[in-house]
Each structure stands twice: as structure tokens, then as C-alpha cells.
>>> print(open('work-v7.txt').read())   # compact mmCIF, C-alpha atoms and all ligand atoms
# COMPACT_ATOMS: atom_id res chain seq x y z
CA MET D 1 -28.65 -5.99 -18.66
CA ASN D 2 -28.72 -6.03 -14.91
CA ILE D 3 -32.36 -5.68 -13.85
CA VAL D 4 -33.44 -5.07 -10.26
CA VAL D 5 -37.09 -5.42 -9.30
CA LEU D 6 -38.34 -3.77 -6.13
CA PHE D 7 -41.35 -5.93 -5.34
CA GLY D 8 -43.66 -4.05 -2.99
CA SER D 9 -46.52 -6.39 -2.09
CA PRO D 10 -46.72 -8.22 1.23
CA ARG D 11 -48.54 -11.09 -0.54
CA PRO D 12 -45.94 -13.54 -1.86
CA LYS D 13 -48.41 -15.34 -4.14
CA GLY D 14 -50.56 -12.35 -5.00
CA ASN D 15 -51.29 -10.42 -8.16
CA THR D 16 -48.15 -8.27 -8.15
CA ALA D 17 -46.07 -11.37 -7.49
CA ALA D 18 -47.54 -12.96 -10.63
CA MET D 19 -46.53 -9.92 -12.70
CA VAL D 20 -43.03 -9.99 -11.21
CA GLU D 21 -42.70 -13.69 -11.95
CA ALA D 22 -43.78 -13.21 -15.58
CA PHE D 23 -41.45 -10.24 -15.92
CA ALA D 24 -38.47 -12.16 -14.50
CA GLU D 25 -39.22 -15.12 -16.77
CA GLY D 26 -39.32 -12.93 -19.88
CA ALA D 27 -36.21 -10.99 -18.88
CA LYS D 28 -34.23 -14.16 -18.19
CA GLU D 29 -35.34 -15.66 -21.51
CA ALA D 30 -33.96 -12.55 -23.19
CA GLY D 31 -30.61 -13.08 -21.45
CA HIS D 32 -30.91 -10.44 -18.75
CA GLN D 33 -29.81 -10.87 -15.16
CA VAL D 34 -32.72 -10.31 -12.76
CA THR D 35 -32.69 -9.70 -9.02
CA VAL D 36 -36.02 -9.45 -7.23
CA ILE D 37 -35.95 -7.71 -3.87
CA ASP D 38 -38.97 -8.52 -1.73
CA VAL D 39 -39.02 -5.18 0.05
CA ALA D 40 -42.10 -6.00 2.13
CA LYS D 41 -40.10 -8.74 3.86
CA LYS D 42 -37.18 -6.45 4.59
CA ASN D 43 -36.52 -4.30 7.59
CA ILE D 44 -36.53 -0.86 5.96
CA LYS D 45 -37.08 2.25 8.02
CA GLY D 46 -38.23 5.64 6.81
CA CYS D 47 -35.62 8.30 6.01
CA LEU D 48 -34.68 10.25 9.15
CA ALA D 49 -33.87 13.41 7.18
CA CYS D 50 -30.80 13.72 9.42
CA GLU D 51 -28.58 14.62 6.42
CA TYR D 52 -25.78 12.42 7.76
CA CYS D 53 -25.50 10.90 4.25
CA HIS D 54 -24.94 14.31 2.66
CA ASN D 55 -22.65 15.64 5.36
CA LYS D 56 -20.37 13.27 7.25
CA GLY D 57 -21.57 10.04 5.64
CA ASN D 58 -20.35 10.61 2.09
CA GLY D 59 -23.45 8.97 0.60
CA VAL D 60 -23.80 6.32 3.29
CA CYS D 61 -27.02 6.22 5.30
CA ILE D 62 -26.59 6.22 9.06
CA GLN D 63 -29.41 3.70 9.58
CA LYS D 64 -28.20 0.12 9.85
CA ASP D 65 -31.18 -1.75 8.46
CA ASP D 66 -31.71 -3.90 5.34
CA MET D 67 -31.14 -0.91 3.03
CA GLN D 68 -27.45 -1.46 3.65
CA GLU D 69 -27.65 -4.72 1.65
CA ILE D 70 -30.01 -3.16 -0.93
CA TYR D 71 -27.86 -0.10 -1.78
CA PRO D 72 -25.07 -2.12 -3.44
CA VAL D 73 -27.61 -4.12 -5.47
CA ILE D 74 -29.52 -1.09 -6.79
CA ASN D 75 -26.26 0.72 -7.41
CA GLU D 76 -25.38 -1.94 -10.00
CA ALA D 77 -28.84 -1.95 -11.64
CA GLU D 78 -29.20 -0.81 -15.24
CA VAL D 79 -32.97 -1.30 -15.26
CA LEU D 80 -35.13 -0.57 -12.23
CA VAL D 81 -38.58 -2.14 -11.97
CA LEU D 82 -41.08 -0.87 -9.42
CA ALA D 83 -43.80 -3.46 -8.82
CA SER D 84 -46.62 -2.63 -6.46
CA PRO D 85 -50.23 -3.19 -5.57
CA VAL D 86 -52.23 0.05 -5.62
CA TYR D 87 -52.92 1.09 -2.04
CA TYR D 88 -55.18 4.11 -1.70
CA PHE D 89 -54.39 5.26 -5.24
CA THR D 90 -50.62 5.09 -4.93
CA LEU D 91 -47.67 2.74 -4.43
CA SER D 92 -47.62 0.56 -1.33
CA ALA D 93 -45.99 1.95 1.81
CA GLN D 94 -43.57 -0.98 1.65
CA LEU D 95 -42.29 0.28 -1.72
CA GLN D 96 -42.26 3.95 -0.74
CA LEU D 97 -39.72 3.20 2.01
CA PRO D 98 -36.81 2.07 -0.19
CA ILE D 99 -37.62 4.72 -2.81
CA GLN D 100 -37.37 7.48 -0.22
CA ARG D 101 -34.16 5.96 1.11
CA PHE D 102 -32.60 6.57 -2.34
CA TYR D 103 -32.02 10.01 -0.80
CA ALA D 104 -28.60 8.94 0.54
CA ILE D 105 -27.36 8.06 -2.97
CA GLN D 106 -29.66 10.54 -4.78
CA TYR D 107 -30.70 7.70 -7.10
CA PRO D 108 -29.21 4.44 -8.44
CA GLN D 109 -26.61 5.90 -10.76
CA LYS D 110 -26.29 3.17 -13.39
CA VAL D 111 -30.02 2.89 -14.10
CA LYS D 112 -30.94 3.82 -17.66
CA LYS D 113 -34.49 2.49 -17.88
CA ALA D 114 -37.38 2.04 -15.48
CA VAL D 115 -40.57 -0.02 -15.57
CA LEU D 116 -43.73 0.24 -13.48
CA LEU D 117 -45.95 -2.76 -12.76
CA LEU D 118 -49.18 -2.08 -10.88
CA SER D 119 -51.95 -4.34 -9.67
CA SER D 120 -55.26 -3.13 -8.30
CA HIS D 121 -58.82 -4.14 -7.65
CA SER D 122 -60.52 -1.38 -9.63
CA PRO D 123 -59.68 -0.01 -13.06
CA ASN D 124 -58.61 3.64 -13.51
CA VAL D 125 -56.93 4.00 -10.11
CA TYR D 126 -53.39 4.43 -11.37
CA ASP D 127 -52.93 8.20 -11.82
CA GLY D 128 -51.23 8.81 -8.45
CA ALA D 129 -48.72 5.98 -8.83
CA ILE D 130 -48.01 6.80 -12.48
CA ARG D 131 -47.53 10.48 -11.69
CA GLN D 132 -45.03 9.59 -8.96
CA PHE D 133 -43.21 7.15 -11.26
CA GLU D 134 -43.00 9.74 -14.04
CA SER D 135 -41.77 12.40 -11.63
CA ILE D 136 -39.08 10.11 -10.23
CA ILE D 137 -37.80 8.99 -13.60
CA GLY D 138 -37.81 12.59 -14.82
CA TYR D 139 -35.74 13.65 -11.84
CA CYS D 140 -33.37 10.70 -12.15
CA GLY D 141 -33.08 10.86 -15.94
CA PHE D 142 -34.31 7.30 -16.48
CA GLU D 143 -36.09 6.32 -19.68
CA ASN D 144 -39.67 5.12 -19.25
CA ALA D 145 -39.41 1.57 -20.57
CA GLY D 146 -43.05 0.75 -19.89
CA ILE D 147 -45.98 0.81 -17.51
CA ILE D 148 -48.33 -2.15 -17.15
CA THR D 149 -51.43 -2.14 -14.99
CA ALA D 150 -53.73 -5.02 -14.09
CA CYS D 151 -57.07 -4.70 -12.32
CA GLU D 152 -59.45 -7.39 -11.17
CA GLY D 153 -60.41 -9.44 -14.20
CA GLU D 154 -56.93 -8.85 -15.65
CA ASN D 155 -54.82 -9.95 -12.69
CA LYS D 156 -53.04 -13.25 -13.31
CA THR D 157 -54.68 -13.71 -16.72
CA GLU D 158 -52.70 -15.34 -19.48
CA ALA D 159 -53.08 -12.22 -21.63
CA LYS D 160 -51.72 -9.90 -18.94
CA MET D 161 -48.85 -12.22 -18.09
CA ALA D 162 -47.95 -12.39 -21.79
CA GLU D 163 -47.98 -8.56 -21.97
CA VAL D 164 -45.64 -8.34 -18.97
CA LYS D 165 -43.34 -11.01 -20.37
CA ALA D 166 -43.20 -9.26 -23.76
CA LEU D 167 -42.22 -5.98 -22.09
CA ALA D 168 -39.42 -7.72 -20.20
CA LYS D 169 -38.18 -9.31 -23.41
CA SER D 170 -38.21 -5.97 -25.21
CA LEU D 171 -35.69 -4.34 -22.89
C1 LIG N 201 -54.35 -1.33 2.06
C2 LIG N 201 -54.98 -1.60 0.72
C3 LIG N 201 -55.35 -0.54 -0.08
C4 LIG N 201 -55.90 -0.75 -1.34
N1 LIG N 201 -56.25 0.31 -2.11
C5 LIG N 201 -56.75 0.10 -3.34
C6 LIG N 201 -57.13 1.20 -4.17
O1 LIG N 201 -56.98 2.36 -3.83
N2 LIG N 201 -57.66 0.91 -5.39
C7 LIG N 201 -57.86 -0.37 -5.83
O2 LIG N 201 -58.35 -0.56 -6.93
N3 LIG N 201 -57.45 -1.42 -5.09
C8 LIG N 201 -56.94 -1.22 -3.84
N4 LIG N 201 -56.55 -2.29 -3.08
C9 LIG N 201 -56.62 -3.65 -3.67
C10 LIG N 201 -55.26 -4.10 -4.21
O3 LIG N 201 -54.60 -3.10 -4.96
C11 LIG N 201 -55.44 -5.32 -5.12
O4 LIG N 201 -56.12 -6.35 -4.45
C12 LIG N 201 -54.12 -5.82 -5.68
O5 LIG N 201 -54.37 -6.74 -6.72
C13 LIG N 201 -53.31 -6.51 -4.59
O6 LIG N 201 -52.08 -6.94 -5.11
P1 LIG N 201 -51.26 -8.13 -4.42
O7 LIG N 201 -52.07 -9.39 -4.64
O8 LIG N 201 -49.97 -8.17 -5.11
O9 LIG N 201 -51.11 -7.77 -2.98
C14 LIG N 201 -56.05 -2.09 -1.80
C15 LIG N 201 -55.68 -3.16 -0.98
C16 LIG N 201 -55.15 -2.93 0.26
C17 LIG N 201 -54.73 -4.10 1.12
>>> encode(input="work-v7.txt", output="C-alpha cells")
Amino acid sequence: MNIVVLFGSPRPKGNTAAMVEAFAEGAKEAGHQVTVIDVAKKNIKGCLACEYCHNKGNGVCIQKDDMQEIYPVINEAEVLVLASPVYYFTLSAQLQLPIQRFYAIQYPQKVKKAVLLLSSHSPNVYDGAIRQFESIIGYCGFENAGIITACEGENKTEAKMAEVKALAKSL
């Protein structure tokens, strides 16, 4: 399957990055194709709500930023992975930007399954992010293929990395 990971941490060697690496390793071992998009490094603006995409644009966003290279990639994805640190009880702002820019295309049309990977400092801080994830996949009609969280004490541990890898392999 074609798997696209939207990686939403600004820390390239951080805790979310470790989960993404383990996920990609497991997915590749299972024969999947994996593309990781480091959204924090991209130039992605917020949606302007100008409705150009739904009126004159025929599904094309008027903003000429890095979303223009991301749209074709997510449009081919069969599995979408959202990977984020928890920032103030929700997904990072860096990850919210591309999600909200789905608006032009409604949602990536070939996606069948979605996965959520979250890293945090504290335990039990995931409700906001999970609620958003579940709402989005409900709206888009994606299957929930799994949610993995890691707090301090779990981040980067062998056990957590094995859990992430096993999920990727199970897809
Ligand atoms: C802006 C900001 C907000 C944060 N908010 C939370 C929070 O609400 N709850 C929590 O447990 N950790 C919070 N953290 C800690 C991160 O979620 C945690 O360190 C995570 O492992 C970072 O992942 P990363 O290494 O991939 O960047 C916050 C960190 C930052 C920088």
C-alpha cells in the first residue's frame, strides 16, 4: 500500500521522529511504500477561506506554497498517518496547517485507513487529539487502523518502538 506520513514535529531527532522512523521501518519490511512529509519544514500557510478552490479553482488551492507539492502525494495515499507531539492537548500547529488545507480537495480520496501517532510529556493528555482524529476519519470515511501514544518514560523505548513497528506491519 501507498502510505503517507504527515510528520508534525519541528524536532527532527525527537520523540515523534522516533515513532515515525519505527513505523516506516515496519511498513517497508511489510512491503509497503512509505513517504514521510516533514510538514514542520515546509512552507504551509493557513487556509484563507476564500473558496477559490470550490468556485473557480476546481479543487485547486489559490495559495502557491508547499501544499502544491503535497496535494499530489496525499492524493495517491491509501493510508494516511498523522504523527504529532501533543501541544497544549492537541496536534501541533504545524500538523493542523496541512490538515486544514485538505479543504481544497475535501480529503485525500484514495485513503482507506488512517493511523495516529502521538508523543507527549505527560500521560493522559491525548483526548483532544484523539477526538479530532476520530472526527476527521469519520467525516472522511477512513478506517481507524490504530492509535499509539507515548509519554515520557515510553518515548523512544524499545517496547514502544516495537509496538509502532508491529502496527505498521499489520496494515
Ligand atoms: C509548545 C509545546 C506544547 C506542549 N504541550 C504539551 C501538553 O499539552 N502535554 C504534554 O504532555 N506535553 C506537552 N508538550 C511536550 C511534548 O509533547 C513532548 O515533549 C513530546 O515528546 C515532544 O515530541 P517531539 O520530540 O517529537 O517534538 C509540549 C511541548 C511544546 C514544545
>>> residues_around(input="work-v7.txt", residues="range 123-127 of chain D", least_positions_apart="2", cutoff="7 Å", atoms="all atoms listed in the file", output="ChimeraX atom specification")
/D:89,121,129-131,151
>>> residues_near_ligand(input="work-v7.txt", ligand="ligand LIG 201 (chain N)", cutoff="6 Å", atoms="all atoms listed in the file", output="VMD selection string")
chain D and resid 9 11 14 to 17 85 to 89 119 to 122 125
>>> residues_around(input="work-v7.txt", residues="range 30-42 of chain D", least_positions_apart="2", cutoff="6 Å", atoms="all atoms listed in the file", output="JSON, numbers by chain")
{"D": [1, 2, 3, 4, 5, 6, 7, 8, 10, 27, 28, 44, 94, 169]}
>>> atom_distance(input="work-v7.txt", atom1="CA of Ser92 in chain D", atom2="CA of Ala159 in chain D")
24.6 Å
>>> atom_distance(input="work-v7.txt", atom1="CA of Leu95 in chain D", atom2="CA of Glu21 in chain D")
17.3 Å
>>> residues_around(input="work-v7.txt", residues="Leu48 in chain D", least_positions_apart="4", cutoff="10 Å", atoms="all atoms listed in the file", output="list in words")
Tyr52, Cys61, Ile62, Gln63 and Arg101 of chain D
>>> atom_distance(input="work-v7.txt", atom1="CA of Pro12 in chain D", atom2="CA of Phe102 in chain D")
24.1 Å
>>> closest_residue(input="work-v7.txt", among="D:Ile105, D:Glu163, D:Glu76, D:Leu171", to="Ala22 in chain D", atoms="all atoms listed in the file")
D:Glu163
>>> closest_residue(input="work-v7.txt", among="D:Gly57, D:Gln100, D:Lys110, D:Gly153", to="Val73 in chain D", atoms="only C-alpha atoms")
D:Lys110
>>> residues_around(input="work-v7.txt", residues="Tyr103 in chain D", least_positions_apart="5", cutoff="9 Å", atoms="all atoms listed in the file", output="VMD selection string")
chain D and resid 47 49 53 to 54 59 61
>>> write_last_selection(input="work-v7.txt", atoms="C-alpha atoms", output="short mmCIF file (atom, residue, chain, number, x, y, z; two decimals), in the frame of the given file")
data_model
loop_
_atom_site.label_atom_id
_atom_site.label_comp_id
_atom_site.auth_asym_id
_atom_site.auth_seq_id
_atom_site.Cartn_x
_atom_site.Cartn_y
_atom_site.Cartn_z
CA CYS D 47 -35.62 8.30 6.01
CA ALA D 49 -33.87 13.41 7.18
CA CYS D 53 -25.50 10.90 4.25
CA HIS D 54 -24.94 14.31 2.66
CA GLY D 59 -23.45 8.97 0.60
CA CYS D 61 -27.02 6.22 5.30
#
>>> closest_residue(input="work-v7.txt", among="D:Lys160, D:Lys165, D:Leu82, D:Asn43", to="Glu134 in chain D", atoms="all atoms listed in the file")
D:Leu82
